[in-house]
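K.L.:
Right, I'll just put the structure down here and ask away after.
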Amino acid sequence: MTRYDETVGRTFPALPPARGRGFAQTWWGRAWLRALEDTALDGAQVKAGRRLARSGAVGAVSVRPGRVTAVVRDPGRAAHRADVLLPELPDEQWDRLLDLVAERAGHMAALLDREMPPDLVEDAAVAGIELLPGLGDLEPECDCGAWDHCGHTAALCHQVARLLDEDPFVLLLLRGRGRRALLDALQARTAAPQDPAEEPDTVDAAEAWAAGDILPPLPAPPPLPDEPGRPPLLDAEAAPAPGIDPQALAHLAARTAEEAYRLLTAALHGEPGQAEEEPESRVGQDAVRLAAGAPAGALARLADGSGRDAQGLATAVRAWRHGGAEALAVLDEEWAVEDGALARARAALDAAWDEDDRPALRRTGNRWTVHGADVQVRLGRDGRWWPYLLGGHWIPAGHAARDPATALAAARLALEEERSVGPDGPTPGRE
């Protein structure tokens with residue numbers, strides 16, 4: 001999904017490799033690539049850039065007025081920041097261009113259909129406005145040290161050609177105006193002037209209240225997006241403020257978008273909400289949830305937020321990956337199994353094995369440990385059984401099962417896999 005914030009630009013996610021297709025399907029996309037070929041002094045670098053772009057080496061592309069930026073990885077996987085600069089149109093030229101578009105409805109309709117009509121470009125050129133880049137307009141900047149177009153900036157230009165195929169507003173944003181600003185300016189030009197002598201129609205408040213029951217129903221909510229939104233890239237040229245880790249902040253934003261998407265899905269599908277948890281418990285859960293996949297630099301801060309040490313956080317993340325909040329509660333909480341719950345647990349244990357195969361188990365709270373072994377099953381409050389193994393401390397070993405035999409088999413299998421790692425793997429102990 002493309003993220004919009006036209007005060008700073010637009011960020012497009014990395015595109016898949018372009019195998020088996022050309023980079024420019026539209027005439028304006030091909031015009032962009034011609035400008036690259038006319039500007040670059042070394043045709044071999046243009047070809048190298050085409051190969052890089054075709055292989056998917058170009059990361060997310062950030063487009064803002066006068067500049068397009070991306071991280072490009074060369075065949076050796078070294079990453080380089082590549083920028084391509086394009087002169088912005090001055091305000092006077094923008095005013096003339098807006099007048100041209102407003103005079104012909106076809107121009108506006110074509111833009112809204114994500115097309116760049118040739119007659120618009122021709123009309124603009126007659127008025128002294130060059131929309132498409134020409135010779136020398138695409139100025140390269142790359143941290144690889146090249147002074148002309150290198151393979152990295154050429155790869156970025158090829159990727160931009162693909163974006164232009166999809167949306168010509170990318171070109172207009174590079175020239176200085178984003179889609180929203182452009183449409184707002186056009187609407188202001190085409191709106192009918194209002195007679196200042198006219199008074200707006202008004203309705204008595206009591207009449208409006210009385211008519212409330214005959215008003216039409218509210219429209220249905222918009223459909224759920226196909227996936228969570230992606231936060232914009234934090235690729236500002238300025239260094240981050242002290243104490244700010246851009247990588248950790250990007251991870252936090254991405255996981256927050258995923259959680260918001262999950263909550264929105266539950267709300268739109270009418271799923272019953274969960275009971276409110278204590279704030280301290282919720283903070284601890286969130287810290288573990290965010291730690292799953294977090295960059296290494298953020299783990300120490302997340303450990304503090306969860307009230308755990310580094311080893312405890314790693315164990316909690318392992319539990320979270322096996323079953324979310326329920327698995328985390330089983331890891332943290334030892335509770336007394338009594339009365340009906342104890343009777344049901346004993347019945348499940350009796351039914352799980354034949355009498356000759358039943359392992360010797362000793363119970364502490366909701367935890368049944370195999371005598372003389374390093375495996376354990378824990379009973380959750382929902383009646384499911386969770387496998388655990390002992391590797392210096394008790395470690396979650398898999399997903400929950402409805403019967404204890406399945407959970408215990410998973411624990412034994414996980415223990416064998418852990419021990420097969422060798423001397424660097426976990427060292428089993430005794431409870």
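Each chain in the structure tokens gets a letter, A, B and so on, in the order shown; residues start at 1 in every chain, and ligands are counted from 1 in the order they appear.
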As number ranges by chain, please: every residue in stretch 25-258 of chain A that a backbone DSSP assignment puts in alpha helix (DSSP H).

P.N.:
A: 27-39, 43-54, 91-103, 105-112, 118-126, 151-166, 169-174, 179-190, 205-210, 246-258

K.L.:
Extract, using only C-alpha atoms, all DNA, RNA and protein residues at most 9 Å from A:Arg321, discarding same-chain residues fewer than 6 positions from it, and format them as a PyMOL selection string.

P.N.:
chain A and resi 289+292+327+398-399

K.L.:
What does the distance between atom CA of A:Ala310 and atom CA of A:Ala239 come to in Å, to one decimal place?

P.N.:
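Here the two named atoms are 28.9 Å from each other.
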
K.L.:
With only C-alpha atoms as the atoms that count, which of A:Pro228, A:Gly176, A:Gly59, A:Gly106 lies nearest to A:Leu89?

P.N.:
A:Gly176

K.L.:
What lies within 7 Å of A:Tyr388 using only C-alpha atoms, ignoring chain neighbours under 2 positions off, as a PyMOL selection string?

P.N.:
chain A and resi 375-377+386+390+394-397+411

K.L.:
Just write the chosen residues, C-alpha atoms, as a short mmCIF file (atom, residue, chain, number, x, y, z; two decimals), in the first residue's frame.

P.N.:
data_model
loop_
_atom_site.label_atom_id
_atom_site.label_comp_id
_atom_site.auth_asym_id
_atom_site.auth_seq_id
_atom_site.Cartn_x
_atom_site.Cartn_y
_atom_site.Cartn_z
CA VAL A 375 9.35 -32.30 30.08
CA GLN A 376 6.16 -30.92 31.50
CA VAL A 377 2.59 -30.11 30.53
CA TRP A 386 0.71 -26.63 26.83
CA LEU A 390 13.58 -27.80 30.82
CA TRP A 394 11.19 -24.06 31.80
CA ILE A 395 10.70 -23.13 28.14
CA PRO A 396 7.49 -23.22 26.05
CA ALA A 397 7.81 -26.08 23.57
CA ALA A 411 7.43 -31.43 24.54
#

K.L.:
Pick out the residues sitting within 12 Å of A:His80, and hand them over as a list in words; count only C-alpha atoms, and ignore anything fewer than 2 positions along from it in its own chain.

P.N.:
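That gives Ala57, Val58, Gly59, Thr69, Ala70, Val71, Val72, Arg73, Asp74, Pro75, Gly76, Arg77, Ala78, Ala82, Asp83, Glu141, Cys142, Asp143, Cys144, Gly145, Ala146, Cys150, Gly151, His152, Thr153, Ala155 and Leu156 of chain A.
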
K.L.:
Write out as a list in words each polymer residue whose atoms come within 8 Å of A:Ala303, counting only C-alpha atoms; drop sequence neighbours fewer than 6 positions from it.

P.N.:
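Final neighbour list, sorted by chain and number: Ala287, Val288, Asp309, Ala310 and Leu313 of chain A.
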
K.L.:
Just the selected residues (all heavy atoms), exported as a PDB file, in the first residue's frame, please.

P.N.:
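Produced file out-v9.pdb, reproduced below:
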ATOM      1  N   ALA A 287       4.748  -5.226  25.586  1.00  0.00           N
ATOM      2  CA  ALA A 287       6.201  -5.254  25.466  1.00  0.00           C
ATOM      3  C   ALA A 287       6.667  -6.568  24.847  1.00  0.00           C
ATOM      4  O   ALA A 287       7.547  -6.594  23.986  1.00  0.00           O
ATOM      5  CB  ALA A 287       6.848  -5.049  26.843  1.00  0.00           C
ATOM      6  N   VAL A 288       6.051  -7.676  25.259  1.00  0.00           N
ATOM      7  CA  VAL A 288       6.415  -8.980  24.690  1.00  0.00           C
ATOM      8  C   VAL A 288       5.978  -9.054  23.230  1.00  0.00           C
ATOM      9  O   VAL A 288       6.724  -9.541  22.366  1.00  0.00           O
ATOM     10  CB  VAL A 288       5.774 -10.112  25.511  1.00  0.00           C
ATOM     11  CG1 VAL A 288       6.035 -11.463  24.859  1.00  0.00           C
ATOM     12  CG2 VAL A 288       6.315 -10.103  26.936  1.00  0.00           C
ATOM     13  N   ASP A 309      14.170  -9.858  32.543  1.00  0.00           N
ATOM     14  CA  ASP A 309      15.533  -9.719  32.065  1.00  0.00           C
ATOM     15  C   ASP A 309      15.585 -10.211  30.620  1.00  0.00           C
ATOM     16  O   ASP A 309      14.567 -10.615  30.047  1.00  0.00           O
ATOM     17  CB  ASP A 309      16.521 -10.468  32.953  1.00  0.00           C
ATOM     18  CG  ASP A 309      16.211 -11.965  33.070  1.00  0.00           C
ATOM     19  OD1 ASP A 309      15.439 -12.490  32.219  1.00  0.00           O
ATOM     20  OD2 ASP A 309      16.726 -12.608  33.996  1.00  0.00           O
ATOM     21  N   ALA A 310      16.767 -10.175  30.008  1.00  0.00           N
ATOM     22  CA  ALA A 310      16.877 -10.541  28.592  1.00  0.00           C
ATOM     23  C   ALA A 310      16.446 -11.982  28.352  1.00  0.00           C
ATOM     24  O   ALA A 310      15.727 -12.284  27.391  1.00  0.00           O
ATOM     25  CB  ALA A 310      18.322 -10.330  28.118  1.00  0.00           C
ATOM     26  N   LEU A 313      12.672 -12.282  28.723  1.00  0.00           N
ATOM     27  CA  LEU A 313      11.954 -11.731  27.574  1.00  0.00           C
ATOM     28  C   LEU A 313      12.005 -12.701  26.399  1.00  0.00           C
ATOM     29  O   LEU A 313      11.005 -12.892  25.702  1.00  0.00           O
ATOM     30  CB  LEU A 313      12.563 -10.385  27.172  1.00  0.00           C
ATOM     31  CG  LEU A 313      11.899  -9.697  25.973  1.00  0.00           C
ATOM     32  CD1 LEU A 313      10.430  -9.405  26.251  1.00  0.00           C
ATOM     33  CD2 LEU A 313      12.634  -8.406  25.615  1.00  0.00           C
TER      34      LEU A 313
END

K.L.:
Hey, which of A:Trp385, A:Phe12, A:Phe23, A:Trp335 ends up closest to A:Cys157? Count only C-alpha atoms.

P.N.:
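Looking at the shortest contact to A:Cys157, the residue is A:Phe23.
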
K.L.:
As a PyMOL selection string, please: the residues near A:Met108 (cut-off 10 Å, only C-alpha atoms, same-chain neighbours under 4 positions excluded).

P.N.:
chain A and resi 98+100-104+112-117+120+183+186

K.L.:
Calculated over only C-alpha atoms, which of the candidates A:Leu135, A:Val61, A:Ala407, A:Ala250 has the smallest distance to A:Leu86?

P.N.:
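Nearest to A:Leu86: A:Leu135.
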
K.L.:
Find, counting only C-alpha atoms, the residue in A:Ala400, A:Ala360, A:Glu139, A:Arg381 that gets nearest to A:Leu41.

P.N.:
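With only C-alpha atoms as the atom set, the closest residue is A:Glu139.
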
K.L.:
What is the distance between atom CA of A:Arg67 and atom CA of A:Leu174, in Å to one decimal?

P.N.:
6.3 Å

K.L.:
Can you list, as a PyMOL selection string, all residues belonging to stretch 352-412 of chain A that DSSP tags as strand (DSSP E or B)?

P.N.:
chain A and resi 361-364+367-370+375-379+385-390+394-396+401

K.L.:
Print the selection's residues with N, CA and C atoms to a file, as a tab-separated table (two decimals), in the first residue's frame.

P.N.:
chain	number	residue	atom	x	y	z
A	361	LEU	N	3.79	-38.86	36.76
A	361	LEU	CA	3.66	-37.40	36.79
A	361	LEU	C	3.54	-36.91	38.22
A	362	ARG	N	4.15	-35.79	38.49
A	362	ARG	CA	3.93	-35.11	39.78
A	362	ARG	C	3.40	-33.71	39.48
A	363	ARG	N	2.47	-33.28	40.30
A	363	ARG	CA	1.76	-32.03	40.02
A	363	ARG	C	2.15	-30.95	41.02
A	364	THR	N	2.34	-29.75	40.48
A	364	THR	CA	2.46	-28.53	41.29
A	364	THR	C	1.54	-27.50	40.68
A	367	ARG	N	0.70	-27.55	36.83
A	367	ARG	CA	1.83	-28.06	36.08
A	367	ARG	C	2.10	-29.52	36.45
A	368	TRP	N	2.12	-30.39	35.43
A	368	TRP	CA	2.40	-31.81	35.62
A	368	TRP	C	3.76	-32.12	34.98
A	369	THR	N	4.73	-32.55	35.80
A	369	THR	CA	6.08	-32.81	35.32
A	369	THR	C	6.32	-34.31	35.31
A	370	VAL	N	6.94	-34.81	34.23
A	370	VAL	CA	7.28	-36.23	34.13
A	370	VAL	C	8.45	-36.53	35.05
A	375	VAL	N	10.54	-32.76	30.81
A	375	VAL	CA	9.35	-32.30	30.08
A	375	VAL	C	8.20	-32.14	31.05
A	376	GLN	N	7.26	-31.31	30.63
A	376	GLN	CA	6.16	-30.92	31.50
A	376	GLN	C	4.99	-30.50	30.65
A	377	VAL	N	3.78	-30.68	31.17
A	377	VAL	CA	2.59	-30.11	30.53
A	377	VAL	C	1.91	-29.18	31.54
A	378	ARG	N	1.38	-28.08	31.02
A	378	ARG	CA	0.70	-27.11	31.87
A	378	ARG	C	-0.74	-26.96	31.40
A	379	LEU	N	-1.64	-26.88	32.34
A	379	LEU	CA	-3.07	-26.73	32.04
A	379	LEU	C	-3.44	-25.25	32.03
A	385	TRP	N	-3.87	-27.94	27.06
A	385	TRP	CA	-2.59	-28.35	27.66
A	385	TRP	C	-1.44	-27.79	26.82
A	386	TRP	N	-0.41	-27.29	27.50
A	386	TRP	CA	0.71	-26.63	26.83
A	386	TRP	C	2.00	-27.40	27.13
A	387	PRO	N	2.80	-27.71	26.11
A	387	PRO	CA	4.05	-28.45	26.33
A	387	PRO	C	5.20	-27.54	26.77
A	388	TYR	N	6.02	-28.05	27.68
A	388	TYR	CA	7.20	-27.33	28.17
A	388	TYR	C	8.38	-28.29	28.26
A	389	LEU	N	9.59	-27.73	28.12
A	389	LEU	CA	10.81	-28.49	28.32
A	389	LEU	C	11.72	-27.70	29.24
A	390	LEU	N	12.67	-28.43	29.86
A	390	LEU	CA	13.58	-27.80	30.82
A	390	LEU	C	14.94	-27.62	30.14
A	394	TRP	N	12.28	-23.50	32.58
A	394	TRP	CA	11.19	-24.06	31.80
A	394	TRP	C	10.88	-23.18	30.59
A	395	ILE	N	10.83	-23.83	29.41
A	395	ILE	CA	10.70	-23.13	28.14
A	395	ILE	C	9.46	-23.64	27.40
A	396	PRO	N	8.62	-22.76	26.87
A	396	PRO	CA	7.49	-23.22	26.05
A	396	PRO	C	8.00	-24.03	24.86
A	401	ALA	N	-2.66	-28.13	23.07
A	401	ALA	CA	-3.38	-29.30	22.57
A	401	ALA	C	-4.58	-29.56	23.47

K.L.:
Using only C-alpha atoms, can you tell me which of A:Ala185, A:Ala109, A:Leu15, A:Ala206 comes closest to A:Leu97?

P.N.:
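Closest to A:Leu97 of all the choices is A:Ala185.
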
K.L.:
Taking only C-alpha atoms into account, which of A:Ala53, A:Val170, A:Ala352, A:Ala161 comes nearest A:Pro16?

P.N.:
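So, comparing all the options, the nearest one is A:Ala53.
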
K.L.:
Figure out the distance between atom CA of A:Gly383 and atom CA of A:Leu328, please, to one decimal in Å.

P.N.:
15.2 Å
